[in-house]
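J.: Below: one structure in structure tokens.
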Amino acid sequence: MSAPVCMQLLPPDAAARLQEDPRLCMAIGFDSRGWHSEDCRRLTLPLPPLGRDKAVEVWLAEQPMHPLRREQGLCCEANEQLLHGCLWYDEARHGGIEQATRAAYGAIRDALSGTGFGHLLRIWHFFPRINEEENGLERYRAFCRGRHDALVQWDLDETRLPAATAIGSHGDGLLIHFLAARSPGIQIENPRQVSAYCYPQQYGPRSPTFSRATLMPWPDGHRQLFISGTASIVGHETRHAGDLEAQLDETLTNIRSLIDVARGEHDLPLGGPEALDGLRIYLRHAEDAPRLEALLHARLPDSLPRVILHGDICRSDLLLEIEGSWTGCKD
């Protein structure tokens with residue numbers, strides 16, 4: 001029995017051969033401008049790749065995906081097990097990033113209503129100038145306020161939050177894509193960190209509203225782990241400001257801690273980061289890419305696929321952020 005969805009980082013030519021596969025859930029490329037269309041299975045995120053090798057992130061479902069909804073900038077594709085959706089909003093038409101985020105989450109909630117896919121598992125957000133101040137508030141903090149208010153309207157409490165990423169991109173507008181399921185995942189928190197939704201007010205008028213990871217127990221018995229964007233934060237404080245190597249090590253320690261919780265509390269057969277399907281690494285300064293590649297080579301096996309992308313992190317003193325997943329599809 002195959003897994004409900006599998007993720008691979010593939011060379012562009014190998015990914016191109018899967019573009020017309022009916023099981024394609026999403027094929028995600030990376031460049032400086034980004035690209036999206038009414039077919040949410042094919043995305044290009046506005047994040048330039050920095051590594052030596054180009055890669056496409058391909059998510060292939062067990063069952064064929066079918067169009068479910070396409071309207072007003074939002075599209076959804078689904079099969080019997082899971083749904084993938086994508087939405088792009090022009091901030092200017094909605095009055096700014098906070099209002100655009102609130103409206104986007106409302107549109108997602110409305111799109112999922114009545115479909116049976118009422119549970120968000122994993123969600124990604126990309127918008128420009130994430131650390132800039134606008135109308136007296138940093139744009140990331142304004143985004144957090146819009147997301148928090150929208151999730152309150154959705155009636156999602158602190159035990160049903162999805163794994164998430166929010167990165168400053170090189171494109172225009174707010175781009176969101178997400179995975180949803182018919183049943184809820186299990187929220188995983190990191191004992192080394194204060195849960196994001198419990199951050200003190202020094203980080204903004206509303207706390208970031210997401211889980212550190214989501215473990216999905218599918219009805220057929222498969223389990224899959226989705227790890228949020230993870231950085232060099234201990235408790236609620238940034239550690240090792242300005243030190244790329246130390247921030248990388250702290251970030252990997254946090255990922256290991258999440259995996260330890262999933263393994264110890266839920267018996268997930270996952271040894272460490274090297275067993276993940278792949279890593280998506282966001283790097284603030286493009287000139288740091290060669291050094292980061294050398295540091296990764298010394299810490300992780302070369303057999304672990306990864307892609308390094310140029311993007312801004314949610315805190316201005318963070319130099320990188322790493323996310324990953326484990327779908328149990330590796331040989």
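Following the order of the structure tokens, first chain is A, next is B, and so on, with residues numbered from 1 inside each chain and ligands from 1 in the order they appear.
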Which residues are close to Leu283 (chain A), i.e. within 6 Å by only C-alpha atoms, leaving aside same-chain residues fewer than 2 positions away? Reply as a list in words.
T.: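 Contacts, with the query itself left out: His285, Leu309, His310, Gly311 and Leu320 of chain A.
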J.: What are the closest atom pairs, with distances in Å to one decimal, for all residues of region 119-145 of chain A lying within 12 Å of region 66-83 of chain A? Consider only C-alpha atoms, order rows by chain and residue number, and present the result as a Markdown table.
T.:
```
| residue | atom | partner | partner_atom | distance |
| --- | --- | --- | --- | --- |
| A:His119 | CA | A:Leu82 | CA | 9.8 |
| A:Leu120 | CA | A:Leu83 | CA | 9.3 |
| A:Leu121 | CA | A:Leu82 | CA | 9.6 |
| A:Arg122 | CA | A:Leu83 | CA | 10.8 |
| A:Ile123 | CA | A:Leu83 | CA | 11.8 |
```
J.: Could you pull the residues within 7 Å of region 7-9 of chain A, counting only C-alpha atoms, minus those fewer than 5 positions along the same chain, as JSON, numbers by chain?
T.: {"A": [55, 56, 57, 58, 59, 60, 277, 278, 305, 327]}
J.: Using C-alpha atoms, can you write the selected residues to a file as an mmCIF file, in the first residue's frame?
T.:
```cif
data_model
loop_
_atom_site.group_PDB
_atom_site.id
_atom_site.type_symbol
_atom_site.label_atom_id
_atom_site.label_comp_id
_atom_site.auth_asym_id
_atom_site.auth_seq_id
_atom_site.Cartn_x
_atom_site.Cartn_y
_atom_site.Cartn_z
ATOM 1 C CA ALA A 55 15.467 21.224 -7.968
ATOM 2 C CA VAL A 56 11.701 20.958 -8.159
ATOM 3 C CA GLU A 57 9.698 19.856 -5.135
ATOM 4 C CA VAL A 58 7.227 17.237 -6.339
ATOM 5 C CA TRP A 59 4.365 15.925 -4.204
ATOM 6 C CA LEU A 60 2.728 12.867 -5.745
ATOM 7 C CA ASP A 277 12.218 13.432 2.517
ATOM 8 C CA GLY A 278 14.155 16.648 2.035
ATOM 9 C CA PRO A 305 17.969 16.230 -0.621
ATOM 10 C CA THR A 327 6.016 10.950 4.197
#
```
J.: Rounded to one decimal, what separation in Å do you get between CA of Ala180 (chain A) and CA of Glu274 (chain A)?
T.: 26.0 Å
J.: Would you please work out which residue, of A:Arg280, A:Arg147, A:Arg192, A:His266, is nearest to Ile28 (chain A) when using only C-alpha atoms?
T.: A:Arg280
J.: Applying 10 Å and only C-alpha atoms, which residues near Arg284 (chain A) remain after dropping the ones on its own chain fewer than 5 positions away? List them as a ChimeraX atom specification.
T.: /A:167-168,289,309-313,316-321
J.: May I ask which of the residues A:Asp31, A:Asp260, A:Glu62, A:Asp157 is the closest one to Leu47 (chain A), counting only C-alpha atoms?
T.: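 When distances to Leu47 (chain A) are compared using only C-alpha atoms, the smallest one comes from A:Asp31.
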J.: As a ChimeraX atom specification, please: every residue in region 61-152 of chain A that DSSP puts in helix (DSSP H, G or I).
T.: /A:91-94,97-112,139-152
